[in-house]
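J.: Handing you this structure, nothing more for now.
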Amino acid sequence: MGRKKNQTAHPKTKTDASLLAGAATYEVGMPRKRFYRQRAHANPLSIHHLEYPPSPEQMDWSTHFPTYFAPPPSEGEGSPSLKGKKVEFADVGCGFGGLSISLAPLFPDTLMLGLEIRVQVTQYVSDKIRALRLNPGSVDPDNADDVAAAAADAAGQPVAKRQKVEASEDSASGKLAPVRGIKPELMPPEGYAYGNVSVLRANAMKFLPNFFEKGQLSKIFFLFPDPHFKQRKHKARIISPTLLAEYAYVLRPGGLLYTITDVPDLHQWMTGHIGAFPLFHRLTEDEIDNLGLEGGEGVEGQSGSELQRVRERAVMEAVKRRTEEGKKVERNQGGKEWSVWRRLPDPE
Ligand SMILES: C[S@@+](CC[C@H](N)C(=O)[O-])C[C@H]1O[C@@H](n2cnc3c(N)ncnc32)[C@H](O)[C@@H]1O
């Protein structure tokens, strides 16, 4: 895709720095969606003014993950990593951030990033993460069961009313809600405060390799992407043969690509294109169920274990049920179709 005149490479993503820097000074509570009104759709092909780093090494991650990165030593340089970590999970078109925010406590040592093109929606996610960092026990007033839900999923439990109450009681103490019956190993460590999750305003159809190195990501999610129904709009779909080459580039061999949608035609489109791409292998439902046992990518601690399998199952639950679109489809009793793909090694 050609670079347009008014698309400039900037050493730092100032827009996003200001997004993250803004809210806390005056807003410490959980944000409400109704104050972040935004058009239902943004046209990814007509947004050209976003800033991006010239290369992943020059990206300033310190505003996104201040506990993991120091500020860049000087203009044009990247942020030094403090703990040797890089972003590993990317939630492309994250919307209101339900996936990353629910996965973050389950993978407390994995950095995850939502990419979202709409300004207000990005700001909402940014404000929500900020509120959670200030008070990890905060309960989303729009989704009171969020905090407990991902962990409950991991334990294979329904989110009972009781857990919602526990979450709100705990929010006063600023701690993550303990969930009954949850394996203690799955709860994040004491003092966990959402430092491993952030959101970036970006057009994921452009310049992804400017943010992520080759093979940096272990998981990439495309959850309920905009369907762009009309044929002449299909070029705006987030899965396409050209873009798959970029996704394969940033995803490491062994890494996983997830899709889910409630639009059958879009499911066919996505699985058709990904299936035709030589670097992706589709997992069967059994293989999805056993993810983690063989020591899959993106799981903290690389060796296979029952615990990792439980974590991977929690990921699938979050894919199906923890995003705002997923919840909406569930409320409307709509059908969902998903697919999971393993990135194959590069050919010799
Ligand atoms: C239907 S919503 C789904 C949001 C979320 N994944 C969920 O499941 O709730 C699709 C989101 O993708 C965002 N989006 C569309 N094209 C994008 C692009 N090129 N880059 C980043 N975000 C994009 C839209 O703004 C919208 O928030």
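Identifiers for the structure tokens are assigned positionally: chains receive A, B, ... in sequence, residues are indexed from 1 per chain, and ligands are indexed from 1 in the order shown.
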Neighbours of ligand 1 at 8 Å or closer, counting only C-alpha atoms and all ligand atoms: which residues, as a ChimeraX atom specification?
T.: /A:40-45,91-99,115-118,121,201-206,222-227,236-238,319,322-327
J.: Report as a PyMOL selection string all protein, DNA and RNA residues lying within 12 Å of A:Leu113, evaluated on only C-alpha atoms, omitting residues in the same chain fewer than 4 positions from it.
T.: chain A and resi 61+64-65+86-95+97-101+103-104+122+125-126+129+194-202+204+211-212+217+219-221
J.: Contacts of A:Leu344 at 10 Å or less, counting only C-alpha atoms, minus same-chain residues fewer than 2 places along, as a PDB file with N, CA and C atoms, in the first residue's frame?
T.:
ATOM      1  N   ALA A 248       1.597 -12.602   9.018  1.00  0.00           N
ATOM      2  CA  ALA A 248       2.534 -13.729   9.142  1.00  0.00           C
ATOM      3  C   ALA A 248       3.925 -13.217   9.505  1.00  0.00           C
ATOM      4  N   LEU A 251       3.895 -12.330  13.315  1.00  0.00           N
ATOM      5  CA  LEU A 251       3.569 -13.477  14.178  1.00  0.00           C
ATOM      6  C   LEU A 251       4.702 -14.495  14.083  1.00  0.00           C
ATOM      7  N   ARG A 252       5.131 -14.993  15.234  1.00  0.00           N
ATOM      8  CA  ARG A 252       6.277 -15.927  15.191  1.00  0.00           C
ATOM      9  C   ARG A 252       5.815 -17.328  14.796  1.00  0.00           C
ATOM     10  N   PRO A 253       6.700 -18.122  14.198  1.00  0.00           N
ATOM     11  CA  PRO A 253       6.330 -19.505  13.902  1.00  0.00           C
ATOM     12  C   PRO A 253       5.862 -20.193  15.190  1.00  0.00           C
ATOM     13  N   GLY A 254       4.761 -20.906  15.100  1.00  0.00           N
ATOM     14  CA  GLY A 254       4.171 -21.508  16.292  1.00  0.00           C
ATOM     15  C   GLY A 254       3.114 -20.617  16.928  1.00  0.00           C
ATOM     16  N   GLY A 255       3.146 -19.315  16.612  1.00  0.00           N
ATOM     17  CA  GLY A 255       2.161 -18.380  17.169  1.00  0.00           C
ATOM     18  C   GLY A 255       0.771 -18.650  16.614  1.00  0.00           C
ATOM     19  N   LEU A 256      -0.225 -18.031  17.242  1.00  0.00           N
ATOM     20  CA  LEU A 256      -1.621 -18.338  16.896  1.00  0.00           C
ATOM     21  C   LEU A 256      -2.371 -17.104  16.416  1.00  0.00           C
ATOM     22  N   PRO A 278       0.009 -19.895   2.535  1.00  0.00           N
ATOM     23  CA  PRO A 278       0.826 -21.076   2.852  1.00  0.00           C
ATOM     24  C   PRO A 278       1.398 -21.112   4.274  1.00  0.00           C
ATOM     25  N   LEU A 279       1.394 -19.998   4.984  1.00  0.00           N
ATOM     26  CA  LEU A 279       2.066 -20.009   6.294  1.00  0.00           C
ATOM     27  C   LEU A 279       1.122 -20.228   7.475  1.00  0.00           C
ATOM     28  N   PHE A 280      -0.139 -20.576   7.192  1.00  0.00           N
ATOM     29  CA  PHE A 280      -1.063 -20.809   8.306  1.00  0.00           C
ATOM     30  C   PHE A 280      -1.701 -22.189   8.203  1.00  0.00           C
ATOM     31  N   HIS A 281      -1.772 -22.848   9.351  1.00  0.00           N
ATOM     32  CA  HIS A 281      -2.413 -24.159   9.409  1.00  0.00           C
ATOM     33  C   HIS A 281      -3.594 -24.069  10.375  1.00  0.00           C
ATOM     34  N   TRP A 341      -5.502 -20.526  13.956  1.00  0.00           N
ATOM     35  CA  TRP A 341      -4.489 -20.910  12.968  1.00  0.00           C
ATOM     36  C   TRP A 341      -3.115 -20.840  13.603  1.00  0.00           C
ATOM     37  N   ARG A 342      -2.309 -21.867  13.317  1.00  0.00           N
ATOM     38  CA  ARG A 342      -0.924 -21.822  13.785  1.00  0.00           C
ATOM     39  C   ARG A 342      -0.035 -21.301  12.661  1.00  0.00           C
ATOM     40  N   ASP A 346       8.892 -20.636   8.580  1.00  0.00           N
ATOM     41  CA  ASP A 346       9.226 -20.177   7.229  1.00  0.00           C
ATOM     42  C   ASP A 346       9.836 -21.338   6.456  1.00  0.00           C
ATOM     43  N   PRO A 347       9.527 -21.439   5.166  1.00  0.00           N
ATOM     44  CA  PRO A 347      10.152 -22.523   4.390  1.00  0.00           C
ATOM     45  C   PRO A 347      11.672 -22.341   4.361  1.00  0.00           C
TER      46      PRO A 347
END
